[in-house]
Amino acid sequence: MKKEAYFATVEELARNGLEAIPPQMISGKHLIYSSPATLAFNSPGAEGFGVKRAGLAVPDSIMLIVAPGCCGRNTSLISSMPEYNDRFFYLMMDETDIVTGRHLKKIPKAVKEICDCCEKKPSVVMICITCVDALLGTDMERVCRKAEEKVDIPVRPCYMYALTREGRKPPMVHVRQSLYSLLEPQKKKGNVVNLLGFFSPLVDDCELYELLHQAGVKTVHEISRCRDYEEYQTMSQANFNLVLHPEARFAAEDFHDRLKIPFIELRRLYQMDKIENQYRALGQVLGVDFDQEKYKAEALEAVEQFREACPDAVFAVGECMNGDPFELGLALVRYGFKVPEIYGTITAENFVYIRNLAKLSPNTRVFSNMEPTMLYYDPVSSGVNITIGKDAGYYHQDQPNAVWNQDRQPYGYAGVRRLFETLTATVKGEKE
């Protein structure tokens, strides 16, 4: 193995095209390097909102984890959080259970025992299974139906399959579908909208709420803000859905097919002109001319304050943060900053940003966090003096780092403003 980290420039990637991505940047084509930079996010059971925590987004739900100890161990960190106390349960399994598949017969009984011991009857039981059952070809839908017969409440699967991470329906896509599959048809209300995409709310000062109110929307539903199961069910009254993350697209299509609720897809962006265009397009659909100037001005001011605090900023942008690393890297370049390094997973969704980056910053290097040669990554020649994302912070430990991975989701102009306020505070904190 060559003792230097593999990278490709955005110019090389753009020239070769999406169909010729180097195998070093496709995790299914090589061994996975689980460095400290990736342990936090390269598993579907990751910290933050991996499958396990995401599966409990429905109010009053509980989860039974059906997995070998090595797959279930990281749940202990999540279950120690107060809001998840007494919501995780484990099925006791041994090797014989797994080899023979007899653990599947234990699941309905375990679900009944759990429900009987709960002080409050759960709204739904989520069954979280891992790659073991993927390899066994387990029909978990059938197992869930058997469990439902014993407890008379919904039982749904959520798949923590790392094997399907790059497939048509990755774990985080499927879990979103499971969460909304419980909704029952109700009469539609013209002034209700659902925000789909995240497992926690947008930041409270996000302008999207106010803009929707300008359009006559009175109620904005987010699954994470529903106080109980009854309020969660009112999401089926929405007149339309706003999809804020591509992984919620399948769930939105289910909404449309099953509940006859149409959807509009928006993106989380850090390029302000693109945010403005996106809101303008949304306004045209809703028949409203949104007043965006105040929010845009606040975001621009935050960018300029950071520029004053750190005029020579040279960024390394990671993927373990609230944003797409290529879109954010492009935004930073367009704001006039240098971005010599990006750590990210290339997809069809973000390749357009790589093409645009190639025109403005052709020598920006792209690294794959999980590629084994990252063992030899050397930060010395990069010139980076500030980083965004936990992974980027790992590679440049002597530089100021904005982790930018909070639960409350940044979005729109508020997201841009908050990011640059965080960067400014980070730089000033280091200087002090």
# chains A, B, ... in the order shown; residues from 1 in each chain; ligands from 1

$ residues_around --residues "A:Gly55" --least-positions-apart "4" --cutoff "12 Å" --atoms "only C-alpha atoms" --output "PyMOL selection string"
chain A and resi 44-45+49-51+59-65+84+87-88+124-129+155-160+171-180+198-199+223-224

$ select_by_dssp --residues "stretch 111-317 of chain A" --states "strand (DSSP E or B)" --output "NGL selection string"
:A and (125-130 or 155-160 or 192-196 or 202 or 219-221 or 240-243 or 263-265 or 314-317)

$ residues_around --residues "A:Lys294" --least-positions-apart "4" --cutoff "10 Å" --atoms "only C-alpha atoms" --output "list in words"
Glu207, Glu298, Ala299 and Tyr413 of chain A

$ atom_distance --atom1 "atom CA of A:Asp398" --atom2 "atom CA of A:Val380"
10.7 Å

$ closest_residue --among "A:Val10, A:Ala309, A:Ala414, A:Val384" --to "A:Gly429" --atoms "only C-alpha atoms"
A:Ala309

$ residues_around --residues "A:Ser361" --least-positions-apart "4" --cutoff "10 Å" --atoms "only C-alpha atoms" --output "list of chain:residue names"
A:Thr9, A:Val10, A:Glu11, A:Gly329, A:Leu330, A:Val333, A:Arg334, A:Lys338, A:Val339, A:Pro340, A:Ile354, A:Asn356, A:Leu357, A:Arg365

$ residues_around --residues "A:Thr345" --least-positions-apart "3" --cutoff "9 Å" --atoms "only C-alpha atoms" --output "ChimeraX atom specification"
/A:25-27,319,325,350,367-369

$ decode --residues "stretch 77-111 of chain A" --atoms "C-alpha atoms" --output "mmCIF file, in the first residue's frame"
data_model
loop_
_atom_site.group_PDB
_atom_site.id
_atom_site.type_symbol
_atom_site.label_atom_id
_atom_site.label_comp_id
_atom_site.auth_asym_id
_atom_site.auth_seq_id
_atom_site.Cartn_x
_atom_site.Cartn_y
_atom_site.Cartn_z
ATOM 1 C CA LEU A 77 -24.655 5.708 24.816
ATOM 2 C CA ILE A 78 -28.057 6.670 23.379
ATOM 3 C CA SER A 79 -30.066 4.937 26.097
ATOM 4 C CA SER A 80 -28.204 6.962 28.730
ATOM 5 C CA MET A 81 -29.834 10.127 27.356
ATOM 6 C CA PRO A 82 -32.806 11.111 29.583
ATOM 7 C CA GLU A 83 -35.343 11.266 26.735
ATOM 8 C CA TYR A 84 -34.587 7.641 25.800
ATOM 9 C CA ASN A 85 -34.707 6.198 29.295
ATOM 10 C CA ASP A 86 -36.706 2.930 29.314
ATOM 11 C CA ARG A 87 -37.313 3.044 25.553
ATOM 12 C CA PHE A 88 -34.644 0.580 24.378
ATOM 13 C CA PHE A 89 -34.872 -3.165 24.943
ATOM 14 C CA TYR A 90 -32.613 -6.012 23.822
ATOM 15 C CA LEU A 91 -33.439 -9.528 22.699
ATOM 16 C CA MET A 92 -31.094 -12.007 24.370
ATOM 17 C CA MET A 93 -29.452 -14.068 21.628
ATOM 18 C CA ASP A 94 -26.663 -16.614 21.346
ATOM 19 C CA GLU A 95 -24.807 -18.065 18.375
ATOM 20 C CA THR A 96 -27.207 -20.968 18.025
ATOM 21 C CA ASP A 97 -30.138 -18.552 17.828
ATOM 22 C CA ILE A 98 -28.483 -16.733 14.954
ATOM 23 C CA VAL A 99 -27.284 -19.807 13.063
ATOM 24 C CA THR A 100 -30.638 -21.592 13.264
ATOM 25 C CA GLY A 101 -32.827 -18.477 13.010
ATOM 26 C CA ARG A 102 -34.740 -19.494 16.126
ATOM 27 C CA HIS A 103 -34.372 -15.975 17.512
ATOM 28 C CA LEU A 104 -37.193 -14.979 15.156
ATOM 29 C CA LYS A 105 -39.672 -17.096 17.097
ATOM 30 C CA LYS A 106 -38.684 -15.284 20.292
ATOM 31 C CA ILE A 107 -39.480 -11.807 18.965
ATOM 32 C CA PRO A 108 -43.319 -11.840 19.299
ATOM 33 C CA LYS A 109 -43.043 -13.190 22.843
ATOM 34 C CA ALA A 110 -40.408 -10.586 23.723
ATOM 35 C CA VAL A 111 -42.583 -7.782 22.347
#
